[in-house]
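This report concerns only the one structure given below.
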Amino acid sequence: MNNILIIAGEQSGDIHGAALMREMKLIDPSLRFTGIGGYNMIAEGMTAVQHIKDMAFLGFTEVVKHLPFIRRVQRRLLKVVVEERIEKVVLIDYPGFNLSIARKLKKLGVKIFYYIAPQIWAWGKDVLKKSKSTFTK
């Protein structure tokens, strides 16, 4: 079975993720998706490790306040990758979370694809440096 971890953290990512899943399943109906998404991705068959409604943190203070929860979610995702022998990961926008988990996933040797990369205008030029160091060898 071909399992893929897919992570979207916001409503727009959920919509794009569901469309991507739908198209990928047309090419390979045996694909199975697990990860973080919302109602659209779940409707496309994703097994949710966490729902996006639980991941909506706005601003630095909110993120810091929820760090223990965020770390638990990341540990759960990493455990799923190992237990289900997932070799491919699709990240959709959501750079605060996705760039952090990508560094951990890279150590596990999985292939990481960033679908809809972080917007430079919103995250600044530093996101380019972080992305480059995470996704290149």
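How things are named: the first chain in the structure tokens is A, the next is B, and so on; residues count from 1 in each chain; ligands count from 1 in the order shown.
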Item to complete: Looking only at strand (DSSP E) from DSSP on the backbone, list the matching residues of range 14-118 of chain A as a PyMOL selection string.
Response: chain A and resi 31-37+47-51+88-92+111-115
Worksheet item: Got a sec: who's within 8 Å of range 46-61 of chain A, counting only C-alpha atoms, leaving out chain neighbours fewer than 5 positions off, as number ranges by chain?
Response: A: 8-11, 32-38, 41, 66, 73, 76-77
Would you output that residue set with N, CA and C atoms, as a PDB file, in the first residue's frame?
ATOM      1  N   ALA A   8      -1.933  20.067   6.023  1.00  0.00           N
ATOM      2  CA  ALA A   8      -2.437  21.415   5.755  1.00  0.00           C
ATOM      3  C   ALA A   8      -2.884  21.979   7.099  1.00  0.00           C
ATOM      4  N   GLY A   9      -2.668  23.248   7.325  1.00  0.00           N
ATOM      5  CA  GLY A   9      -3.023  23.803   8.630  1.00  0.00           C
ATOM      6  C   GLY A   9      -4.135  24.831   8.602  1.00  0.00           C
ATOM      7  N   GLU A  10      -4.572  25.187   7.400  1.00  0.00           N
ATOM      8  CA  GLU A  10      -5.594  26.221   7.284  1.00  0.00           C
ATOM      9  C   GLU A  10      -6.651  25.801   6.274  1.00  0.00           C
ATOM     10  N   GLN A  11      -7.765  26.508   6.272  1.00  0.00           N
ATOM     11  CA  GLN A  11      -8.890  26.187   5.388  1.00  0.00           C
ATOM     12  C   GLN A  11      -8.489  26.173   3.918  1.00  0.00           C
ATOM     13  N   ARG A  32      -3.178   6.024  -0.061  1.00  0.00           N
ATOM     14  CA  ARG A  32      -3.852   6.255   1.217  1.00  0.00           C
ATOM     15  C   ARG A  32      -3.203   7.473   1.862  1.00  0.00           C
ATOM     16  N   PHE A  33      -4.022   8.369   2.412  1.00  0.00           N
ATOM     17  CA  PHE A  33      -3.531   9.610   2.990  1.00  0.00           C
ATOM     18  C   PHE A  33      -3.815   9.659   4.486  1.00  0.00           C
ATOM     19  N   THR A  34      -2.819  10.129   5.227  1.00  0.00           N
ATOM     20  CA  THR A  34      -2.930  10.320   6.664  1.00  0.00           C
ATOM     21  C   THR A  34      -2.331  11.682   6.976  1.00  0.00           C
ATOM     22  N   GLY A  35      -2.873  12.404   7.957  1.00  0.00           N
ATOM     23  CA  GLY A  35      -2.229  13.657   8.317  1.00  0.00           C
ATOM     24  C   GLY A  35      -3.108  14.655   9.011  1.00  0.00           C
ATOM     25  N   ILE A  36      -2.837  15.917   8.723  1.00  0.00           N
ATOM     26  CA  ILE A  36      -3.587  17.036   9.299  1.00  0.00           C
ATOM     27  C   ILE A  36      -4.324  17.729   8.161  1.00  0.00           C
ATOM     28  N   GLY A  37      -5.595  17.916   8.335  1.00  0.00           N
ATOM     29  CA  GLY A  37      -6.415  18.593   7.348  1.00  0.00           C
ATOM     30  C   GLY A  37      -7.773  18.895   7.952  1.00  0.00           C
ATOM     31  N   GLY A  38      -8.663  19.310   7.078  1.00  0.00           N
ATOM     32  CA  GLY A  38     -10.004  19.656   7.527  1.00  0.00           C
ATOM     33  C   GLY A  38     -11.045  18.779   6.871  1.00  0.00           C
ATOM     34  N   MET A  41     -10.394  17.453   3.153  1.00  0.00           N
ATOM     35  CA  MET A  41      -9.426  16.374   3.008  1.00  0.00           C
ATOM     36  C   MET A  41      -9.958  15.078   3.620  1.00  0.00           C
ATOM     37  N   HIS A  66       0.702  27.343  23.017  1.00  0.00           N
ATOM     38  CA  HIS A  66       0.306  26.004  22.562  1.00  0.00           C
ATOM     39  C   HIS A  66       1.484  25.109  22.183  1.00  0.00           C
ATOM     40  N   VAL A  73       1.555  16.886  18.761  1.00  0.00           N
ATOM     41  CA  VAL A  73       1.063  16.589  17.410  1.00  0.00           C
ATOM     42  C   VAL A  73       2.228  16.168  16.523  1.00  0.00           C
ATOM     43  N   ARG A  76       3.265  12.680  17.358  1.00  0.00           N
ATOM     44  CA  ARG A  76       2.281  11.732  16.838  1.00  0.00           C
ATOM     45  C   ARG A  76       2.472  11.501  15.338  1.00  0.00           C
ATOM     46  N   LEU A  77       2.706  12.569  14.614  1.00  0.00           N
ATOM     47  CA  LEU A  77       2.929  12.458  13.172  1.00  0.00           C
ATOM     48  C   LEU A  77       4.186  11.636  12.873  1.00  0.00           C
TER      49      LEU A  77
END
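Between Val90 in chain A and the candidates A:Lys107, A:Arg71, A:His16, A:Lys65, the tightest atom-to-atom separation, counting only C-alpha atoms, involves A:His16.
Each of A:Leu78, A:Leu108, A:Ile116, A:Ile70 was checked against Tyr94 in chain A using only C-alpha atoms; the smallest atom-to-atom distance is that of A:Ile116.
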